[in-house]
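Asks: mmCIF, C-alpha atoms, saved as work.cif, coming up:
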data_structure
loop_
_atom_site.label_atom_id
_atom_site.label_comp_id
_atom_site.auth_asym_id
_atom_site.auth_seq_id
_atom_site.Cartn_x
_atom_site.Cartn_y
_atom_site.Cartn_z
CA MET A 17 10.08 14.05 -3.12
CA ARG A 18 8.42 16.62 -0.85
CA GLN A 19 4.68 16.76 -0.34
CA GLN A 20 2.89 20.09 0.03
CA VAL A 21 0.55 19.70 3.00
CA ASN A 22 -1.53 21.78 5.37
CA SER A 23 0.53 21.87 8.56
CA MET A 24 -2.63 22.02 10.69
CA ASP A 25 -3.65 18.57 9.39
CA THR A 26 -0.18 17.04 9.36
CA LEU A 27 0.81 14.65 12.14
CA LEU A 28 4.03 13.12 10.82
CA ILE A 29 6.75 14.66 8.64
CA ALA A 30 9.71 12.62 7.41
CA THR A 31 12.34 14.67 5.57
CA GLY A 32 15.37 13.42 3.64
CA LEU A 33 15.64 10.08 5.45
CA THR A 34 18.79 8.21 4.44
CA LYS A 35 20.17 4.95 5.81
CA ALA A 36 23.08 2.78 4.65
CA PHE A 37 24.21 -0.46 6.34
CA GLU A 38 27.13 -0.68 3.89
CA PRO A 39 29.03 2.53 2.96
CA SER A 40 28.36 2.18 -0.76
CA GLU A 41 24.73 1.03 -0.57
CA LYS A 42 21.90 3.28 0.62
CA VAL A 43 18.91 1.19 1.70
CA VAL A 44 16.86 4.37 2.19
CA ASP A 45 17.83 7.31 0.00
CA ARG A 46 16.50 10.83 0.77
CA VAL A 47 12.95 9.68 1.52
CA SER A 48 10.45 12.43 2.35
CA PHE A 49 6.72 12.24 3.00
CA SER A 50 4.04 13.46 5.37
CA VAL A 51 1.05 11.77 6.99
CA ASN A 52 -2.13 13.61 7.91
CA ARG A 53 -4.13 13.11 11.10
CA HIS A 54 -6.56 10.16 10.96
CA GLU A 55 -5.00 9.01 7.68
CA ILE A 56 -3.92 5.51 6.70
CA PHE A 57 -0.72 5.91 4.69
CA ALA A 58 0.87 2.94 2.89
CA ILE A 59 4.48 2.52 1.82
CA LEU A 60 4.31 0.05 -1.05
CA GLY A 61 7.22 -1.61 -2.81
CA PRO A 62 8.99 -4.87 -3.64
CA SER A 63 11.14 -6.80 -1.16
CA GLY A 64 14.40 -5.03 -0.45
CA CYS A 65 13.25 -1.57 -1.55
CA GLY A 66 13.81 -0.02 1.91
CA LYS A 67 10.22 0.25 3.13
CA THR A 68 10.67 -1.74 6.36
CA THR A 69 13.87 0.14 7.19
CA THR A 70 11.91 3.39 6.73
CA LEU A 71 9.28 2.11 9.16
CA ARG A 72 11.96 1.12 11.68
CA ILE A 73 13.44 4.63 11.46
CA LEU A 74 10.01 6.08 12.29
CA ALA A 75 9.68 3.68 15.23
CA GLY A 76 13.17 4.44 16.53
CA PHE A 77 14.56 0.94 16.00
CA GLU A 78 17.03 2.44 13.49
CA HIS A 79 18.61 5.90 13.49
CA PRO A 80 18.88 7.71 10.13
CA ASP A 81 22.31 8.62 8.79
CA GLU A 82 20.64 11.77 7.50
CA GLY A 83 17.21 13.31 7.74
CA GLU A 84 14.55 14.19 10.27
CA VAL A 85 11.38 12.69 11.75
CA VAL A 86 8.85 15.05 13.35
CA LEU A 87 5.65 13.81 15.04
CA ASN A 88 3.04 16.39 16.03
CA GLY A 89 5.67 19.14 16.12
CA ARG A 90 8.13 17.10 18.21
CA THR A 91 11.44 16.06 16.67
CA LEU A 92 11.97 12.32 17.19
CA ALA A 93 15.08 11.86 15.06
CA ARG A 94 17.54 14.17 13.35
CA ASN A 95 20.96 13.52 11.85
CA GLY A 96 23.24 14.67 9.05
CA SER A 97 25.83 17.29 8.16
CA ALA A 98 23.21 20.05 8.06
CA SER A 99 21.96 19.27 11.59
CA ARG A 100 23.35 21.29 14.45
CA ASN A 101 22.27 18.74 17.05
CA SER A 102 21.63 15.04 16.55
CA VAL A 103 18.32 13.86 18.06
CA CYS A 104 17.26 10.27 18.77
CA VAL A 105 14.21 9.72 21.01
CA GLU A 106 13.99 6.16 22.36
CA PRO A 107 11.24 3.99 20.81
CA GLU A 108 9.25 3.68 24.05
CA GLU A 109 9.20 7.47 24.44
CA ARG A 110 7.89 8.30 20.94
CA GLY A 111 4.18 7.74 21.50
CA ILE A 112 4.08 5.29 18.58
CA GLY A 113 2.44 1.85 18.50
CA PHE A 114 4.00 -0.93 16.42
CA VAL A 115 2.28 -4.04 15.03
CA PHE A 116 4.89 -6.60 13.99
CA GLN A 117 4.61 -8.95 11.02
CA ASP A 118 4.52 -12.01 13.32
CA TYR A 119 2.29 -10.18 15.89
CA ALA A 120 4.89 -10.76 18.69
CA LEU A 121 2.25 -11.81 21.24
CA PHE A 122 3.46 -13.30 24.51
CA PRO A 123 2.45 -16.99 24.44
CA HIS A 124 2.46 -17.35 28.25
CA LEU A 125 0.06 -14.42 28.76
CA SER A 126 -3.70 -14.37 28.20
CA VAL A 127 -5.26 -12.08 25.62
CA ILE A 128 -6.16 -9.42 28.17
CA ARG A 129 -2.70 -9.56 29.78
CA ASN A 130 -1.07 -9.15 26.37
CA VAL A 131 -3.07 -5.96 25.90
CA MET A 132 -2.34 -4.80 29.46
CA PHE A 133 1.39 -5.17 28.78
CA GLY A 134 1.36 -1.92 26.82
CA LEU A 135 -0.11 -0.07 29.83
CA ARG A 136 2.67 -0.66 32.34
CA ASN A 137 2.68 2.89 33.75
CA ALA A 138 -0.92 2.81 35.04
CA PRO A 139 -2.44 1.17 38.15
CA ARG A 140 -3.55 -2.43 37.60
CA LYS A 141 -7.30 -1.70 37.79
CA GLN A 142 -7.02 1.08 35.20
CA ARG A 143 -4.90 -1.14 32.97
CA GLU A 144 -7.48 -3.92 33.11
CA GLU A 145 -10.39 -1.55 32.43
CA ARG A 146 -8.62 0.03 29.46
CA ALA A 147 -7.60 -3.37 28.06
CA LEU A 148 -11.17 -4.65 28.35
CA GLU A 149 -12.48 -1.50 26.64
CA ILE A 150 -10.15 -2.04 23.67
CA LEU A 151 -10.96 -5.75 23.47
CA CYS A 152 -14.68 -4.91 23.34
CA MET A 153 -14.02 -2.45 20.51
CA MET A 154 -12.08 -5.18 18.69
CA GLY A 155 -14.85 -7.74 19.21
CA LEU A 156 -12.57 -9.86 21.39
CA ARG A 157 -14.19 -9.60 24.83
CA GLU A 158 -15.15 -13.29 24.93
CA PHE A 159 -11.51 -14.27 24.24
CA ARG A 160 -10.02 -12.22 27.08
CA ASP A 161 -8.81 -15.23 29.09
CA ARG A 162 -7.60 -17.34 26.18
CA SER A 163 -3.98 -17.87 25.20
CA PRO A 164 -2.77 -16.59 21.81
CA PHE A 165 -2.32 -20.15 20.45
CA GLU A 166 -6.06 -20.73 20.95
CA LEU A 167 -6.91 -17.93 18.50
CA SER A 168 -7.09 -17.82 14.71
CA GLY A 169 -4.57 -15.77 12.75
CA GLY A 170 -7.08 -12.97 12.26
CA GLN A 171 -7.90 -12.89 15.98
CA GLN A 172 -4.20 -12.78 16.87
CA GLN A 173 -3.83 -9.86 14.47
CA ARG A 174 -6.61 -7.97 16.28
CA VAL A 175 -5.02 -8.69 19.69
CA ALA A 176 -1.70 -7.29 18.41
CA LEU A 177 -3.50 -4.18 17.18
CA ALA A 178 -5.38 -3.87 20.48
CA ARG A 179 -2.10 -3.95 22.38
CA ALA A 180 -0.67 -1.24 20.12
CA ILE A 181 -3.78 0.97 20.40
CA ALA A 182 -4.33 0.57 24.18
CA PRO A 183 -1.82 3.28 25.28
CA THR A 184 -3.53 5.73 22.84
CA PRO A 185 -0.46 6.39 20.69
CA GLU A 186 -0.40 9.27 18.25
CA LEU A 187 0.65 6.94 15.43
CA ILE A 188 0.36 3.23 14.63
CA LEU A 189 2.98 1.49 12.45
CA LEU A 190 1.99 -1.76 10.70
CA ASP A 191 4.74 -3.96 9.24
CA GLU A 192 3.29 -6.35 6.61
CA PRO A 193 0.46 -7.13 9.07
CA PHE A 194 -1.57 -9.46 6.83
CA SER A 195 1.19 -11.44 5.11
CA ASN A 196 0.88 -14.48 7.40
CA LEU A 197 -2.85 -14.93 6.75
CA ASP A 198 -4.38 -17.06 4.01
CA ALA A 199 -6.10 -15.30 1.11
CA VAL A 200 -9.68 -15.53 2.43
CA LEU A 201 -8.79 -14.50 5.99
CA ARG A 202 -6.50 -11.75 4.71
CA GLN A 203 -9.35 -9.96 2.94
CA SER A 204 -11.79 -10.07 5.90
CA THR A 205 -9.11 -9.17 8.48
CA ARG A 206 -7.94 -6.28 6.32
CA ASP A 207 -11.47 -4.88 6.14
CA GLU A 208 -11.95 -5.31 9.90
CA ILE A 209 -8.65 -3.64 10.83
CA ARG A 210 -9.27 -0.70 8.51
CA SER A 211 -12.73 -0.20 9.99
CA LEU A 212 -11.34 -0.38 13.54
CA LEU A 213 -8.58 2.15 12.81
CA LYS A 214 -11.08 4.57 11.30
CA LYS A 215 -13.54 4.05 14.17
CA ALA A 216 -10.78 4.79 16.71
CA GLY A 217 -9.65 7.87 14.75
CA MET A 218 -6.10 6.51 14.54
CA THR A 219 -3.32 7.60 12.20
CA ALA A 220 -1.43 4.66 10.69
CA VAL A 221 1.51 3.91 8.40
CA LEU A 222 1.35 0.53 6.68
CA VAL A 223 4.27 -1.18 4.95
CA THR A 224 3.39 -3.80 2.34
CA HIS A 225 4.53 -5.42 -0.91
CA ASP A 226 0.92 -6.34 -1.80
CA GLN A 227 -0.53 -3.93 -4.38
CA GLU A 228 -4.15 -4.93 -3.77
CA GLU A 229 -3.68 -4.50 -0.03
CA ALA A 230 -2.29 -0.99 -0.41
CA LEU A 231 -4.95 0.07 -2.92
CA SER A 232 -7.85 -1.16 -0.79
CA PHE A 233 -6.51 -0.30 2.69
CA ALA A 234 -4.78 3.09 2.39
CA ASP A 235 -6.00 6.66 1.93
CA ARG A 236 -2.71 7.52 0.23
CA ILE A 237 0.18 5.43 -1.07
CA ALA A 238 3.91 6.06 -1.42
CA VAL A 239 5.39 3.75 -4.06
CA MET A 240 9.00 2.92 -3.21
CA ASN A 241 11.75 1.45 -5.37
CA ASN A 242 15.49 1.04 -4.74
CA GLY A 243 15.38 3.14 -1.58
CA ARG A 244 13.49 6.06 -3.09
CA ILE A 245 9.86 7.11 -3.30
CA GLU A 246 8.76 7.36 -6.93
CA GLN A 247 5.22 8.64 -6.40
CA ILE A 248 2.80 9.62 -3.63
CA GLY A 249 -0.92 9.91 -4.18
CA THR A 250 -4.34 8.43 -3.60
CA PRO A 251 -4.88 4.84 -4.77
CA GLU A 252 -6.71 6.17 -7.82
CA GLU A 253 -3.92 8.63 -8.67
CA VAL A 254 -1.06 6.12 -8.52
CA TYR A 255 -3.06 3.47 -10.40
CA TYR A 256 -4.57 5.59 -13.16
CA ARG A 257 -1.86 8.27 -13.44
CA PRO A 258 1.52 6.66 -12.71
CA ARG A 259 4.46 9.04 -13.02
CA THR A 260 7.11 6.43 -13.82
CA ARG A 261 7.40 3.19 -15.73
CA PHE A 262 8.06 1.31 -12.46
CA VAL A 263 4.90 2.62 -10.79
CA ALA A 264 2.81 1.72 -13.83
CA GLN A 265 4.11 -1.84 -13.92
CA PHE A 266 4.22 -2.48 -10.17
CA LEU A 267 0.64 -1.31 -9.59
CA GLY A 268 -0.92 -4.18 -11.55
CA THR A 269 -0.76 -5.29 -15.17
CA THR A 270 -0.47 -2.58 -17.80
CA ASN A 271 0.31 -2.04 -21.47
CA LEU A 272 3.22 0.38 -21.99
CA ILE A 273 2.81 1.82 -25.47
CA THR A 274 4.89 4.34 -27.38
CA ALA A 275 2.68 6.81 -29.23
CA GLU A 276 2.62 10.23 -30.87
CA ALA A 277 0.80 12.81 -28.75
CA ILE A 278 -1.04 15.81 -30.15
CA GLY A 279 -2.52 17.89 -27.36
CA ALA A 280 -5.15 15.95 -25.42
CA THR A 281 -4.96 12.77 -27.55
CA ALA A 282 -2.40 10.32 -28.90
CA LEU A 283 -2.41 8.00 -31.91
CA THR A 284 -1.77 4.33 -31.10
CA GLU A 285 -1.88 0.99 -32.95
CA PHE A 286 -5.54 0.63 -31.94
CA GLY A 287 -6.72 4.15 -32.59
CA ARG A 288 -6.75 7.53 -30.96
CA VAL A 289 -6.84 7.64 -27.13
CA ASN A 290 -7.49 10.48 -24.71
CA LEU A 291 -4.62 11.59 -22.45
CA ASP A 292 -4.92 12.53 -18.78
CA ARG A 293 -2.90 15.68 -19.54
CA PRO A 294 -1.86 17.46 -22.77
CA ALA A 295 1.40 16.42 -24.40
CA THR A 296 3.23 16.84 -27.70
CA GLY A 297 5.57 14.43 -29.49
CA ARG A 298 6.75 10.96 -28.58
CA VAL A 299 5.27 9.67 -25.30
CA THR A 300 4.96 6.39 -23.39
CA LEU A 301 1.38 5.57 -22.41
CA SER A 302 0.22 3.26 -19.62
CA ILE A 303 -3.08 1.69 -20.67
CA ARG A 304 -4.60 -0.81 -18.27
CA PRO A 305 -5.97 -4.02 -19.87
CA GLU A 306 -9.44 -3.29 -18.46
CA HIS A 307 -9.50 -0.04 -20.43
CA LEU A 308 -9.35 -1.94 -23.71
CA THR A 309 -11.89 -4.23 -25.33
CA VAL A 310 -11.97 -6.58 -28.29
CA GLU A 311 -14.69 -6.59 -30.95
CA LYS A 312 -15.53 -8.51 -34.09
CA PRO A 313 -13.76 -7.05 -37.14
CA ASN A 314 -15.34 -3.87 -38.48
CA ARG A 315 -14.37 -2.59 -41.91
CA HIS A 316 -14.26 0.97 -40.55
CA TYR A 317 -11.34 -0.10 -38.32
CA ASP A 318 -9.34 -2.26 -40.75
CA ASN A 319 -6.19 -0.34 -39.82
CA TYR A 320 -6.54 -1.59 -36.25
CA LEU A 321 -7.09 -5.30 -36.96
CA GLY A 322 -5.43 -7.72 -34.56
CA GLU A 323 -5.20 -11.45 -33.85
CA ILE A 324 -5.99 -13.28 -30.61
CA ILE A 325 -2.75 -15.01 -29.52
CA SER A 326 -4.04 -16.55 -26.28
CA ARG A 327 -7.08 -16.59 -24.01
CA GLU A 328 -7.11 -16.98 -20.21
CA PHE A 329 -10.51 -17.66 -18.65
CA LYS A 330 -10.75 -16.43 -15.02
CA GLY A 331 -14.43 -16.97 -14.28
CA HIS A 332 -15.65 -13.41 -13.86
CA ASP A 333 -13.50 -12.11 -16.71
CA ILE A 334 -11.23 -13.15 -19.57
CA THR A 335 -7.73 -11.96 -20.44
CA TYR A 336 -6.78 -11.93 -24.10
CA ARG A 337 -3.29 -11.48 -25.51
CA VAL A 338 -3.66 -9.75 -28.86
CA ARG A 339 -1.07 -9.10 -31.54
CA ILE A 340 -1.79 -5.91 -33.46
CA LYS A 341 0.75 -4.89 -36.08
CA ALA A 342 4.15 -5.48 -34.45
CA ARG A 343 2.92 -5.19 -30.86
CA GLU A 344 1.23 -7.48 -28.35
CA CYS A 345 -1.17 -6.13 -25.75
CA LEU A 346 -3.33 -7.52 -22.94
CA VAL A 347 -7.09 -6.96 -22.84
CA HIS A 348 -9.40 -7.75 -19.90
CA THR A 349 -13.06 -8.20 -20.79
CA ASP A 350 -16.10 -9.61 -19.05
CA ASN A 351 -16.95 -13.25 -19.68
CA ARG A 352 -19.57 -12.42 -22.29
CA ASN A 353 -16.92 -11.77 -24.94
CA HIS A 354 -16.06 -15.10 -26.55
CA PHE A 355 -13.06 -15.28 -28.87
CA ARG A 356 -10.50 -18.00 -29.50
CA ALA A 357 -6.81 -18.04 -30.38
CA GLY A 358 -6.45 -17.17 -34.05
CA ASP A 359 -9.60 -15.02 -34.24
CA GLN A 360 -9.32 -11.65 -36.00
CA VAL A 361 -10.52 -8.77 -33.80
CA ASN A 362 -10.47 -5.01 -33.44
CA VAL A 363 -8.91 -3.69 -30.23
CA ARG A 364 -10.72 -0.60 -29.03
CA PRO A 365 -9.87 1.78 -26.15
#
Output the file's structure as C-alpha cells, nothing else.

Replies:
Amino acid sequence: MRQQVNSMDTLLIATGLTKAFEPSEKVVDRVSFSVNRHEIFAILGPSGCGKTTTLRILAGFEHPDEGEVVLNGRTLARNGSASRNSVCVEPEERGIGFVFQDYALFPHLSVIRNVMFGLRNAPRKQREERALEILCMMGLREFRDRSPFELSGGQQQRVALARAIAPTPELILLDEPFSNLDAVLRQSTRDEIRSLLKKAGMTAVLVTHDQEEALSFADRIAVMNNGRIEQIGTPEEVYYRPRTRFVAQFLGTTNLITAEAIGATALTEFGRVNLDRPATGRVTLSIRPEHLTVEKPNRHYDNYLGEIISREFKGHDITYRVRIKARECLVHTDNRNHFRAGDQVNVRP
C-alpha cells in the first residue's frame, strides 16, 4: 500500500519492506508507508503481525530481504532483486533514537549519566549541559542524581525518552513504550510523552498492540495484520471508515451487518442507515455499538422489534446484546436507558 504524500513534508519513506526468518514465512510482506515531519505515526496490530520487525528494520537492527528505507532523502537500507546496490547503514549512524519496551536504562548510572550516554561524541561539559536541558524539559531535573531503580515506571519511561532525544535525532522509534505500566500510570504517561514529543517538534513512529493507545497517541495509524498493512489513515478514518473486516473488528467492538445498498443508504434489520460513500447491491456494513440506541417499542417500527438478550452495566454506560430477527447486535447507550433481559425494544441507528 503506497501513500501519496507531499515530498516537502515527508521525513521517512519505507517502500516494499519484506523480511522472512524462515524461507516460507514472510514476517513483513511488502510494507510501504511514509511519515511526515513532526508527525506521530503508529503501527498497530496484534502480536506476531510483524510490527516490531518493521520497527527494527527502520532502526537498522534487521536488514530487509527486499525494500528500501529513506530518511530525509538519505537511503538507510536497500535490498532486493531490483536494487543495483545493497545499502545498510549501521544503527548508530542513522540519526534515529530508539526507546525500548523495557527502557534499557543502565542501573549503575545516575539519571543524568544515562542521558549523557547518548552524547558520547561531545565534550563532557557540553554533554552535561545538554542532558540537564533535556531533563528540565522532561520535568526530571530534581531526579538527575538518582538511580533508575529509585524512579517510578513513568519516570523511567521519561528518562529513556530523554536519552533518545538528547542527540537530537531526526526520528524517534518507540517499541510498545507503555506496556509495562499499570492502567492509571499508562494513561498519564502517554499524555505526557505525547505532549513532550510535540513540544520538542519530534517525528516519531510508535509500535503498539493497544487500540486505545494508537487512537489517542498518534496523528496517523497503519493497521497491520499478517505482515501486511491493511489501512493507513487518521484515527478517525480507520475507526469510522475501516476498509477491511479485520480493521473494523480490531479497532474496537463493531457490528458487521450484511445489507442491501441503494446509493447513499442501505436497508438493515433495524431500518435504513446512511452510508459513508455510495454503493449498490450487497454490502457488509461496520456499525459501531455507540451508533445504535434502544427505545421502547413504537408501533411505527414494528418491523424492527428486537429483544434484549443481556445487559452489561459499566457505570458510565450500558452495553445491551439485542436479538432482532435472526441477528444479534451490540448497542452502547448511556446509563439513563434502563432495560432488562427479555424486554422488547426497537433498535435505532

Asks: Written as a list in words, which residues does the PyMOL selection byres ((chain A and resi 85-95) around 6) give for the file shown?

Replies: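 Listing what the PyMOL selection byres ((chain A and resi 85-95) around 6) selects in the shown file: Leu27, Leu28, Ile29, Ala30, Asp81, Glu82, Gly83, Glu84, Gly96, Ser99, Ser102, Val103, Cys104 and Val105 of chain A.
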
Asks: Could you give me, as number ranges by chain, the residues that have an atom at most 12 Å away from the point (10.0, 7.1, 25.6) in the coordinates of the file, using all atoms listed in the file?

Replies: A: 75-76, 92, 104-113, 137, 185

Asks: Would you kindly return, as an NGL selection string, each protein, DNA or RNA residue with an atom no farther than 9 Å from any atom of A:Ile181, considering all atoms listed in the file and excluding same-chain residues fewer than 5 positions away?

Replies: :A and (113-114 or 131 or 134 or 150 or 176 or 187-188 or 216 or 218)

Asks: Written as a PyMOL selection string, what is the full residue list that the PyMOL selection byres ((chain A and resi 296-311) around 9) yields on the file shown?

Replies: chain A and resi 256-258+261+264-265+268-280+282+291+294-295+312-314+335-336+338+345-349+353+355+360-365

Asks: Applied to this file, what does the PyMOL selection byres ((chain A and resi 225) around 7) return in terms of residues, put as a PyMOL selection string?

Replies: chain A and resi 60-63+224+226-227

Asks: Using only C-alpha atoms, which of A:Tyr320, A:Phe329, A:Phe116, A:Phe57 sits nearest A:Leu213?

Replies: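 Selected residue with least distance to A:Leu213: A:Phe57.
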
Asks: Using all atoms listed in the file, which protein or nucleic acid residues come within 12 Å of A:Ser48? Drop anything in the same chain fewer than 2 positions from it, and give the result as a PDB file with C-alpha atoms, in the frame of the given file.

Replies:
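What landed in around.pdb:
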ATOM      1  CA  MET A  17      10.080  14.050  -3.120  1.00  0.00           C
ATOM      2  CA  ARG A  18       8.420  16.620  -0.850  1.00  0.00           C
ATOM      3  CA  GLN A  19       4.680  16.760  -0.340  1.00  0.00           C
ATOM      4  CA  GLN A  20       2.890  20.090   0.030  1.00  0.00           C
ATOM      5  CA  LEU A  28       4.030  13.120  10.820  1.00  0.00           C
ATOM      6  CA  ILE A  29       6.750  14.660   8.640  1.00  0.00           C
ATOM      7  CA  ALA A  30       9.710  12.620   7.410  1.00  0.00           C
ATOM      8  CA  THR A  31      12.340  14.670   5.570  1.00  0.00           C
ATOM      9  CA  GLY A  32      15.370  13.420   3.640  1.00  0.00           C
ATOM     10  CA  LEU A  33      15.640  10.080   5.450  1.00  0.00           C
ATOM     11  CA  THR A  34      18.790   8.210   4.440  1.00  0.00           C
ATOM     12  CA  VAL A  44      16.860   4.370   2.190  1.00  0.00           C
ATOM     13  CA  ASP A  45      17.830   7.310   0.000  1.00  0.00           C
ATOM     14  CA  ARG A  46      16.500  10.830   0.770  1.00  0.00           C
ATOM     15  CA  SER A  50       4.040  13.460   5.370  1.00  0.00           C
ATOM     16  CA  VAL A  51       1.050  11.770   6.990  1.00  0.00           C
ATOM     17  CA  ILE A  59       4.480   2.520   1.820  1.00  0.00           C
ATOM     18  CA  THR A  70      11.910   3.390   6.730  1.00  0.00           C
ATOM     19  CA  LEU A  74      10.010   6.080  12.290  1.00  0.00           C
ATOM     20  CA  GLU A  82      20.640  11.770   7.500  1.00  0.00           C
ATOM     21  CA  GLY A  83      17.210  13.310   7.740  1.00  0.00           C
ATOM     22  CA  GLU A  84      14.550  14.190  10.270  1.00  0.00           C
ATOM     23  CA  VAL A  85      11.380  12.690  11.750  1.00  0.00           C
ATOM     24  CA  VAL A  86       8.850  15.050  13.350  1.00  0.00           C
ATOM     25  CA  ALA A 238       3.910   6.060  -1.420  1.00  0.00           C
ATOM     26  CA  VAL A 239       5.390   3.750  -4.060  1.00  0.00           C
ATOM     27  CA  MET A 240       9.000   2.920  -3.210  1.00  0.00           C
ATOM     28  CA  GLY A 243      15.380   3.140  -1.580  1.00  0.00           C
ATOM     29  CA  ARG A 244      13.490   6.060  -3.090  1.00  0.00           C
ATOM     30  CA  ILE A 245       9.860   7.110  -3.300  1.00  0.00           C
ATOM     31  CA  GLU A 246       8.760   7.360  -6.930  1.00  0.00           C
ATOM     32  CA  GLN A 247       5.220   8.640  -6.400  1.00  0.00           C
ATOM     33  CA  ILE A 248       2.800   9.620  -3.630  1.00  0.00           C
TER      34      ILE A 248
END

Asks: Could you jot down the atom CA of A:Asp191 to atom CA of A:Val115 separation for me, Å, one decimal place?

Replies: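 Atom-to-atom, atom CA of A:Asp191 to atom CA of A:Val115, that is 6.3 Å.
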
Asks: Rank A:Glu252, A:Glu344, A:Glu145, A:Asp235 by their smallest atom-to-atom distance to A:Phe286, using all atoms listed in the file, and report the top residue only.

Replies: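 Checking each of A:Glu252, A:Glu344, A:Glu145, A:Asp235 against A:Phe286, counting all atoms listed in the file, the winner is A:Glu344.
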
Asks: Work out how far atom CA of A:Leu156 is from atom CA of A:Phe133, in Å to one decimal.

Replies: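 Computed distance, atom CA of A:Phe133 to atom CA of A:Leu156, equals 16.5 Å.
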
Asks: Would you kindly place N, CA, C and O atoms on stretch 239-250 of chain A and return the model as a PDB file, in the frame of the given file?

Replies:
ATOM      1  N   VAL A 239       4.810   4.884  -3.355  1.00  0.00           N
ATOM      2  CA  VAL A 239       5.390   3.750  -4.060  1.00  0.00           C
ATOM      3  C   VAL A 239       6.910   3.888  -4.008  1.00  0.00           C
ATOM      4  O   VAL A 239       7.464   4.893  -4.454  1.00  0.00           O
ATOM      5  N   MET A 240       7.567   2.857  -3.482  1.00  0.00           N
ATOM      6  CA  MET A 240       9.000   2.920  -3.210  1.00  0.00           C
ATOM      7  C   MET A 240       9.753   1.923  -4.065  1.00  0.00           C
ATOM      8  O   MET A 240       9.286   0.794  -4.296  1.00  0.00           O
ATOM      9  N   ASN A 241      10.921   2.328  -4.538  1.00  0.00           N
ATOM     10  CA  ASN A 241      11.750   1.450  -5.370  1.00  0.00           C
ATOM     11  C   ASN A 241      13.213   1.819  -5.189  1.00  0.00           C
ATOM     12  O   ASN A 241      13.575   2.995  -5.257  1.00  0.00           O
ATOM     13  N   ASN A 242      14.042   0.822  -4.897  1.00  0.00           N
ATOM     14  CA  ASN A 242      15.490   1.040  -4.740  1.00  0.00           C
ATOM     15  C   ASN A 242      15.800   2.174  -3.765  1.00  0.00           C
ATOM     16  O   ASN A 242      16.653   3.031  -4.023  1.00  0.00           O
ATOM     17  N   GLY A 243      15.088   2.181  -2.644  1.00  0.00           N
ATOM     18  CA  GLY A 243      15.380   3.140  -1.580  1.00  0.00           C
ATOM     19  C   GLY A 243      14.769   4.510  -1.739  1.00  0.00           C
ATOM     20  O   GLY A 243      14.917   5.356  -0.859  1.00  0.00           O
ATOM     21  N   ARG A 244      14.076   4.745  -2.851  1.00  0.00           N
ATOM     22  CA  ARG A 244      13.490   6.060  -3.090  1.00  0.00           C
ATOM     23  C   ARG A 244      11.984   5.967  -3.333  1.00  0.00           C
ATOM     24  O   ARG A 244      11.491   4.958  -3.832  1.00  0.00           O
ATOM     25  N   ILE A 245      11.290   7.038  -3.013  1.00  0.00           N
ATOM     26  CA  ILE A 245       9.860   7.110  -3.300  1.00  0.00           C
ATOM     27  C   ILE A 245       9.680   7.682  -4.704  1.00  0.00           C
ATOM     28  O   ILE A 245      10.182   8.759  -5.018  1.00  0.00           O
ATOM     29  N   GLU A 246       8.972   6.940  -5.542  1.00  0.00           N
ATOM     30  CA  GLU A 246       8.760   7.360  -6.930  1.00  0.00           C
ATOM     31  C   GLU A 246       7.477   8.144  -7.124  1.00  0.00           C
ATOM     32  O   GLU A 246       7.368   8.954  -8.039  1.00  0.00           O
ATOM     33  N   GLN A 247       6.483   7.899  -6.270  1.00  0.00           N
ATOM     34  CA  GLN A 247       5.220   8.640  -6.400  1.00  0.00           C
ATOM     35  C   GLN A 247       4.424   8.523  -5.113  1.00  0.00           C
ATOM     36  O   GLN A 247       4.436   7.482  -4.449  1.00  0.00           O
ATOM     37  N   ILE A 248       3.732   9.606  -4.759  1.00  0.00           N
ATOM     38  CA  ILE A 248       2.800   9.620  -3.630  1.00  0.00           C
ATOM     39  C   ILE A 248       1.464  10.140  -4.139  1.00  0.00           C
ATOM     40  O   ILE A 248       1.403  11.137  -4.859  1.00  0.00           O
ATOM     41  N   GLY A 249       0.408   9.459  -3.764  1.00  0.00           N
ATOM     42  CA  GLY A 249      -0.920   9.910  -4.180  1.00  0.00           C
ATOM     43  C   GLY A 249      -2.000   8.991  -3.644  1.00  0.00           C
ATOM     44  O   GLY A 249      -1.724   8.011  -2.944  1.00  0.00           O
ATOM     45  N   THR A 250      -3.237   9.306  -3.971  1.00  0.00           N
ATOM     46  CA  THR A 250      -4.340   8.430  -3.600  1.00  0.00           C
ATOM     47  C   THR A 250      -4.224   7.136  -4.407  1.00  0.00           C
ATOM     48  O   THR A 250      -3.525   7.096  -5.424  1.00  0.00           O
TER      49      THR A 250
END
